[in-house]
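Peer 1: I'd like to ask you about the structure that follows.
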Amino acid sequence: MASWFYAAEGKQQGPYPDGQFRDLIAQGVVRGDTLVWSEGMAGWQKAAEIPGLISGGGAPPIIPAGGPPMMGGGAYTGAGSAAGGSLSVDFGILDFTWRTLVMLILSVLVIPVPWVFVWYTKWIVSCVKVPGRPNLSFTGNAMTMVPWFFGFIVLAVVVGYSGVQVLNLALFIVEIVLYWMLIKWMIANLASNGQPLGLSFNGSIVGYIGWNLLFAVSMITIIGWAWVAAAQLRWIYRNIEGTRREIIFRGTGLGILWRGIVAAILCSFLIPIPWVYRWIMNWFASQTELAPRRAM
C-alpha cells in the first residue's frame with residue numbers, strides 16, 4: 001500500500017497510508033494546490049494534477065516512475081523507498097567528547113544509567129544517515145529500561161552474595177537475554193521525520209544466545225571472534241523486518257580484525273579515542289547497505 005507525503009508551511013508531513021491520506025483530502029487538509037509525493041513519483045506535484053486523487057474515484061492514482069523528489073534543496077526518497085545505498089555517520093569530535101564524558105561520569109553513579117543511555121542513544125542515532133530515511137531519530141523512553149536494569153543489578157548482588165558458582169552462568173544468560181530485549185526495543189523505536197519506521201527484530205532468543213556463546217568461545221582462538229562478529233551482525237540484519245529493503249553487512253572478519261587491533265593500539269594513547277571511534281563507526285556504517293529485496 002502506498003504511503004503519501006504532503007507539504008505544509010514549507011515542511012514535509014507524513015508518511016500517511018493511502019486510506020488515511022484520502023481522509024486528509026476529505027477533511028480539506030490536503031487541497032488541490034497542496035504539493036504531494038509518493039514512492040515512484042518523479043517529484044512533488046499538486047494533488048489536483050494526480051488523476052483520481054482529489055476526485056475520490058475508485059481508481060487508484062497514477063504514479064509515474066522516476067527518481068526522488070527535491071524539496072528545500074535536498075533529495076528525499078520517501079518511506080518504503082526501494083532506493084539502495086550505504087549508511088554513513090557524521091558527528092563532531094568535540095560533541096562526541098563532551099557527551100561521552102558526561103555519559104561515563106553519570107554511569108559511575110549507576111542510578112542515572114537508563115536516562116543517560118537513552119539521551120546518548122538519541123544523539124548517536126541522529127548522527128546516522130540512512131538513504132531514503134531523513135532525520136533518523138530514536139523515540140524510546142528510559143522508563144522502559146528501568147525494571148530491566150535495576151532488576152539485573154539486584155539479581156547480580158544476590159548471585160554475588162550466594163557464592164554459588166553455577167548461578168554466575170545463569171546470570172550471564174540473563175544478561176544476554178536483556179541485550180536481546182534491548183536490541184528489539186531499540187529497533188522498534190527508530191523513526192524518520194518524526195514518524196515510526198515500523199521496524200522489528202525477530203531473531204529468536206535461542207539464536208541470539210547461541211551467537212553470544214559462540215563469540216565467547218571464539219575468543220580462545222585470539223582472532224576468530226572477528227569472523228563470528230561479522231556473521232552475527234549479518235544474522236541480526238537478516239532478522240530486521242518492516243522494511244522493503246534488505247539490510248546487508250558487507251564487512252568481513254578480516255576487516256573487523258585489523259581495524260580492531262589498530263583501534264586498540266591507538267586508544268591506549270587516550271587522546272585519539274574520539275577520532276578512532278568515529279573511524280570505526282563510519283566503517284561499519286559504510287559496510288551496511290540497503291538493497292531492494294530479492295524476489296522469493
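Going through the C-alpha cells in order, the chains are called A, B, and so on, while each chain numbers its residues from 1 and the ligands are numbered from 1 in the order shown.
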Write out as a ChimeraX atom specification each polymer residue whose atoms come within 9 Å of A:Phe96, counting only C-alpha atoms; drop sequence neighbours fewer than 3 positions from it.
Peer 2: /A:91-93,99-101,124,274,278
Peer 1: Just to be explicit: take each residue in the selection above, keep N, CA, C and O atoms, and write the result as a PDB file, in the first residue's frame.
Peer 2:
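part.pdb, freshly written:
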```pdb
ATOM      1  N   PHE A  91      29.551  13.090  13.002  1.00  0.00           N
ATOM      2  CA  PHE A  91      29.413  13.860  14.244  1.00  0.00           C
ATOM      3  C   PHE A  91      30.721  14.585  14.527  1.00  0.00           C
ATOM      4  O   PHE A  91      31.803  14.170  14.091  1.00  0.00           O
ATOM      5  N   GLY A  92      30.615  15.691  15.250  1.00  0.00           N
ATOM      6  CA  GLY A  92      31.787  16.472  15.596  1.00  0.00           C
ATOM      7  C   GLY A  92      32.575  15.838  16.729  1.00  0.00           C
ATOM      8  O   GLY A  92      31.996  15.224  17.632  1.00  0.00           O
ATOM      9  N   ILE A  93      33.894  15.979  16.682  1.00  0.00           N
ATOM     10  CA  ILE A  93      34.755  15.393  17.701  1.00  0.00           C
ATOM     11  C   ILE A  93      34.470  15.989  19.082  1.00  0.00           C
ATOM     12  O   ILE A  93      34.366  15.269  20.080  1.00  0.00           O
ATOM     13  N   ARG A  99      29.880  14.641  25.288  1.00  0.00           N
ATOM     14  CA  ARG A  99      28.742  13.754  25.554  1.00  0.00           C
ATOM     15  C   ARG A  99      29.207  12.425  26.148  1.00  0.00           C
ATOM     16  O   ARG A  99      28.576  11.883  27.068  1.00  0.00           O
ATOM     17  N   THR A 100      30.293  11.896  25.630  1.00  0.00           N
ATOM     18  CA  THR A 100      30.810  10.626  26.134  1.00  0.00           C
ATOM     19  C   THR A 100      31.318  10.771  27.567  1.00  0.00           C
ATOM     20  O   THR A 100      31.101   9.889  28.408  1.00  0.00           O
ATOM     21  N   LEU A 101      31.993  11.868  27.858  1.00  0.00           N
ATOM     22  CA  LEU A 101      32.478  12.104  29.220  1.00  0.00           C
ATOM     23  C   LEU A 101      31.311  12.228  30.198  1.00  0.00           C
ATOM     24  O   LEU A 101      31.355  11.667  31.307  1.00  0.00           O
ATOM     25  N   ILE A 124      23.347   9.755  19.138  1.00  0.00           N
ATOM     26  CA  ILE A 124      24.127   8.987  18.174  1.00  0.00           C
ATOM     27  C   ILE A 124      23.266   8.538  17.005  1.00  0.00           C
ATOM     28  O   ILE A 124      23.725   8.497  15.852  1.00  0.00           O
ATOM     29  N   PRO A 274      38.305   9.692  20.346  1.00  0.00           N
ATOM     30  CA  PRO A 274      37.154  10.192  19.563  1.00  0.00           C
ATOM     31  C   PRO A 274      37.314   9.967  18.065  1.00  0.00           C
ATOM     32  O   PRO A 274      36.351   9.582  17.384  1.00  0.00           O
ATOM     33  N   ARG A 278      34.968   7.440  15.724  1.00  0.00           N
ATOM     34  CA  ARG A 278      34.269   7.892  14.517  1.00  0.00           C
ATOM     35  C   ARG A 278      34.709   7.084  13.296  1.00  0.00           C
ATOM     36  O   ARG A 278      33.894   6.726  12.436  1.00  0.00           O
TER      37      ARG A 278
END
```
Peer 1: Please provide the set of residues having any atom within 9 Å of A:Trp227, restricted to only C-alpha atoms, with same-chain residues fewer than 6 positions apart removed, written as a PyMOL selection string.
Peer 2: chain A and resi 218+252-254+256-257
Peer 1: Store the residues picked out above, limited to N, CA, C and O atoms, as a PDB file, in the first residue's frame.
Peer 2:
```pdb
ATOM      1  N   SER A 218      34.943 -18.252  20.716  1.00  0.00           N
ATOM      2  CA  SER A 218      35.882 -17.850  19.658  1.00  0.00           C
ATOM      3  C   SER A 218      37.028 -17.001  20.191  1.00  0.00           C
ATOM      4  O   SER A 218      38.070 -16.878  19.543  1.00  0.00           O
ATOM      5  N   THR A 252      33.945  -7.814   6.338  1.00  0.00           N
ATOM      6  CA  THR A 252      34.496  -9.154   6.541  1.00  0.00           C
ATOM      7  C   THR A 252      35.116  -9.279   7.929  1.00  0.00           C
ATOM      8  O   THR A 252      35.396  -8.273   8.597  1.00  0.00           O
ATOM      9  N   GLY A 253      35.362 -10.510   8.329  1.00  0.00           N
ATOM     10  CA  GLY A 253      36.022 -10.748   9.595  1.00  0.00           C
ATOM     11  C   GLY A 253      37.414 -10.141   9.620  1.00  0.00           C
ATOM     12  O   GLY A 253      37.841  -9.569  10.632  1.00  0.00           O
ATOM     13  N   LEU A 254      38.122 -10.237   8.482  1.00  0.00           N
ATOM     14  CA  LEU A 254      39.466  -9.662   8.406  1.00  0.00           C
ATOM     15  C   LEU A 254      39.419  -8.142   8.570  1.00  0.00           C
ATOM     16  O   LEU A 254      40.268  -7.552   9.256  1.00  0.00           O
ATOM     17  N   ILE A 256      37.195  -6.440  10.228  1.00  0.00           N
ATOM     18  CA  ILE A 256      36.933  -6.147  11.640  1.00  0.00           C
ATOM     19  C   ILE A 256      38.188  -6.374  12.475  1.00  0.00           C
ATOM     20  O   ILE A 256      38.520  -5.583  13.369  1.00  0.00           O
ATOM     21  N   LEU A 257      38.921  -7.456  12.164  1.00  0.00           N
ATOM     22  CA  LEU A 257      40.090  -7.822  12.967  1.00  0.00           C
ATOM     23  C   LEU A 257      41.179  -6.753  12.935  1.00  0.00           C
ATOM     24  O   LEU A 257      41.617  -6.281  13.992  1.00  0.00           O
TER      25      LEU A 257
END
```
Peer 1: Taking the DSSP assignment computed from this structure's backbone, write out as JSON, numbers by chain all residues of stretch 68-257 of chain A that belong to helix (DSSP H, G or I).
Peer 2: {"A": [93, 94, 95, 96, 97, 98, 99, 100, 101, 102, 103, 104, 105, 106, 107, 108, 113, 114, 115, 116, 117, 118, 119, 120, 121, 122, 123, 124, 125, 126, 142, 143, 144, 145, 146, 147, 148, 149, 150, 151, 152, 153, 154, 155, 156, 157, 158, 159, 160, 161, 162, 166, 167, 168, 169, 170, 171, 172, 173, 174, 175, 176, 177, 178, 179, 180, 181, 182, 183, 184, 185, 186, 187, 188, 205, 206, 207, 208, 209, 210, 211, 212, 213, 214, 215, 216, 217, 218, 219, 220, 221, 224, 225, 226, 227, 228, 229, 230, 231, 232, 233, 234, 235, 236, 237, 238, 253, 254, 255, 256, 257]}
Peer 1: Do you have the atom CA of A:Thr243-atom CA of A:Val177 distance handy?
Peer 2: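 That distance, rounded to one decimal, is 24.8 Å.
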Peer 1: Set out as JSON lines a contact list for stretch 159-252 of chain A and stretch 144-149 of chain A with a cut-off of 12 Å, giving each residue of stretch 159-252 of chain A that qualifies its closest atom pair and distance in Å to one decimal, counting only C-alpha atoms, ordered by chain and rising residue number.
Peer 2:
```
{"residue": "A:Val174", "atom": "CA", "partner": "A:Trp148", "partner_atom": "CA", "distance": 10.3}
{"residue": "A:Glu175", "atom": "CA", "partner": "A:Trp148", "partner_atom": "CA", "distance": 9.8}
{"residue": "A:Ile176", "atom": "CA", "partner": "A:Trp148", "partner_atom": "CA", "distance": 12.0}
{"residue": "A:Val177", "atom": "CA", "partner": "A:Trp148", "partner_atom": "CA", "distance": 10.3}
{"residue": "A:Leu178", "atom": "CA", "partner": "A:Trp148", "partner_atom": "CA", "distance": 7.1}
{"residue": "A:Tyr179", "atom": "CA", "partner": "A:Trp148", "partner_atom": "CA", "distance": 9.9}
{"residue": "A:Trp180", "atom": "CA", "partner": "A:Trp148", "partner_atom": "CA", "distance": 11.7}
{"residue": "A:Met181", "atom": "CA", "partner": "A:Trp148", "partner_atom": "CA", "distance": 9.2}
{"residue": "A:Leu182", "atom": "CA", "partner": "A:Met145", "partner_atom": "CA", "distance": 8.3}
{"residue": "A:Ile183", "atom": "CA", "partner": "A:Met145", "partner_atom": "CA", "distance": 11.8}
{"residue": "A:Trp185", "atom": "CA", "partner": "A:Thr144", "partner_atom": "CA", "distance": 8.8}
{"residue": "A:Met186", "atom": "CA", "partner": "A:Met145", "partner_atom": "CA", "distance": 10.7}
{"residue": "A:Asn189", "atom": "CA", "partner": "A:Thr144", "partner_atom": "CA", "distance": 11.5}
```
Peer 1: Excluding stretch 261-266 of chain A and its own-chain neighbours fewer than 3 positions away, which residues fall within 10 Å of it when counting only C-alpha atoms? Please give them as an MDAnalysis selection string.
Peer 2: chainID A and resid 256:258 269:273 275:277 279:280
Peer 1: Restricting the output to all heavy atoms, write the selected residues as a compact mmCIF listing (two decimals), in the first residue's frame.
Peer 2:
```
# COMPACT_ATOMS: atom_id res chain seq x y z
N ILE A 256 37.20 -6.44 10.23
CA ILE A 256 36.93 -6.15 11.64
C ILE A 256 38.19 -6.37 12.48
O ILE A 256 38.52 -5.58 13.37
CB ILE A 256 35.78 -7.02 12.16
CG1 ILE A 256 34.46 -6.63 11.48
CG2 ILE A 256 35.64 -6.89 13.68
CD1 ILE A 256 33.29 -7.51 11.86
N LEU A 257 38.92 -7.46 12.16
CA LEU A 257 40.09 -7.82 12.97
C LEU A 257 41.18 -6.75 12.93
O LEU A 257 41.62 -6.28 13.99
CB LEU A 257 40.66 -9.16 12.48
CG LEU A 257 41.89 -9.65 13.22
CD1 LEU A 257 41.57 -9.93 14.68
CD2 LEU A 257 42.46 -10.90 12.54
N TRP A 258 41.61 -6.36 11.74
CA TRP A 258 42.74 -5.43 11.70
C TRP A 258 42.34 -4.04 12.19
O TRP A 258 43.14 -3.35 12.83
CB TRP A 258 43.38 -5.38 10.32
CG TRP A 258 42.67 -4.61 9.24
CD1 TRP A 258 41.89 -5.11 8.24
CD2 TRP A 258 42.74 -3.19 9.02
NE1 TRP A 258 41.44 -4.10 7.42
CE2 TRP A 258 41.95 -2.90 7.86
CE3 TRP A 258 43.37 -2.14 9.68
CZ2 TRP A 258 41.79 -1.61 7.37
CZ3 TRP A 258 43.21 -0.85 9.17
CH2 TRP A 258 42.43 -0.59 8.04
N PHE A 269 46.52 5.38 23.77
CA PHE A 269 47.09 6.72 23.95
C PHE A 269 46.03 7.73 24.41
O PHE A 269 46.33 8.91 24.59
CB PHE A 269 47.71 7.20 22.64
CG PHE A 269 48.90 6.38 22.19
CD1 PHE A 269 48.75 5.42 21.21
CD2 PHE A 269 50.14 6.56 22.77
CE1 PHE A 269 49.84 4.65 20.79
CE2 PHE A 269 51.23 5.81 22.37
CZ PHE A 269 51.08 4.84 21.38
N LEU A 270 44.77 7.27 24.57
CA LEU A 270 43.64 8.05 25.09
C LEU A 270 43.18 9.20 24.17
O LEU A 270 42.03 9.26 23.78
CB LEU A 270 43.96 8.61 26.48
CG LEU A 270 44.22 7.57 27.58
CD1 LEU A 270 44.48 8.26 28.90
CD2 LEU A 270 43.05 6.60 27.70
N ILE A 271 44.07 10.12 23.84
CA ILE A 271 43.68 11.30 23.05
C ILE A 271 43.02 10.94 21.71
O ILE A 271 42.02 11.56 21.32
CB ILE A 271 44.89 12.23 22.82
CG1 ILE A 271 45.33 12.85 24.16
CG2 ILE A 271 44.55 13.34 21.82
CD1 ILE A 271 46.56 13.73 24.06
N PRO A 272 43.50 9.92 20.98
CA PRO A 272 42.88 9.62 19.67
C PRO A 272 41.51 8.96 19.75
O PRO A 272 40.89 8.73 18.71
CB PRO A 272 43.89 8.67 19.01
CG PRO A 272 45.14 8.79 19.79
CD PRO A 272 44.72 9.13 21.19
N ILE A 273 41.03 8.62 20.96
CA ILE A 273 39.79 7.84 21.09
C ILE A 273 38.62 8.40 20.28
O ILE A 273 37.96 7.64 19.54
CB ILE A 273 39.40 7.67 22.58
CG1 ILE A 273 40.37 6.71 23.27
CG2 ILE A 273 37.97 7.15 22.71
CD1 ILE A 273 40.11 6.53 24.75
N TRP A 275 38.51 10.20 17.54
CA TRP A 275 38.75 10.00 16.10
C TRP A 275 38.65 8.52 15.73
O TRP A 275 38.10 8.18 14.69
CB TRP A 275 40.12 10.56 15.73
CG TRP A 275 40.17 12.05 15.71
CD1 TRP A 275 39.89 12.88 14.66
CD2 TRP A 275 40.48 12.91 16.83
NE1 TRP A 275 40.02 14.21 15.04
CE2 TRP A 275 40.40 14.25 16.37
CE3 TRP A 275 40.84 12.67 18.15
CZ2 TRP A 275 40.64 15.34 17.20
CZ3 TRP A 275 41.09 13.75 18.97
CH2 TRP A 275 40.99 15.07 18.50
N VAL A 276 39.19 7.67 16.60
CA VAL A 276 39.14 6.23 16.35
C VAL A 276 37.69 5.74 16.37
O VAL A 276 37.27 4.96 15.50
CB VAL A 276 39.96 5.46 17.39
CG1 VAL A 276 39.76 3.95 17.24
CG2 VAL A 276 41.44 5.79 17.25
N TYR A 277 36.91 6.22 17.33
CA TYR A 277 35.51 5.81 17.46
C TYR A 277 34.74 6.20 16.20
O TYR A 277 33.97 5.41 15.65
CB TYR A 277 34.90 6.47 18.69
CG TYR A 277 33.49 6.05 19.00
CD1 TYR A 277 33.22 4.83 19.63
CD2 TYR A 277 32.41 6.87 18.69
CE1 TYR A 277 31.92 4.45 19.91
CE2 TYR A 277 31.11 6.49 18.97
CZ TYR A 277 30.87 5.28 19.58
OH TYR A 277 29.59 4.91 19.85
N TRP A 279 36.00 6.78 13.23
CA TRP A 279 36.53 5.99 12.12
C TRP A 279 35.89 4.60 12.08
O TRP A 279 35.45 4.13 11.02
CB TRP A 279 38.04 5.88 12.27
CG TRP A 279 38.70 4.92 11.33
CD1 TRP A 279 38.69 4.95 9.97
CD2 TRP A 279 39.48 3.77 11.71
NE1 TRP A 279 39.41 3.90 9.46
CE2 TRP A 279 39.92 3.16 10.50
CE3 TRP A 279 39.87 3.22 12.93
CZ2 TRP A 279 40.70 2.01 10.50
CZ3 TRP A 279 40.66 2.09 12.92
CH2 TRP A 279 41.06 1.49 11.73
N ILE A 280 35.82 3.94 13.23
CA ILE A 280 35.23 2.60 13.31
C ILE A 280 33.74 2.65 12.96
O ILE A 280 33.24 1.82 12.18
CB ILE A 280 35.42 2.00 14.72
CG1 ILE A 280 36.90 1.65 14.95
CG2 ILE A 280 34.55 0.76 14.90
CD1 ILE A 280 37.42 0.52 14.10
```
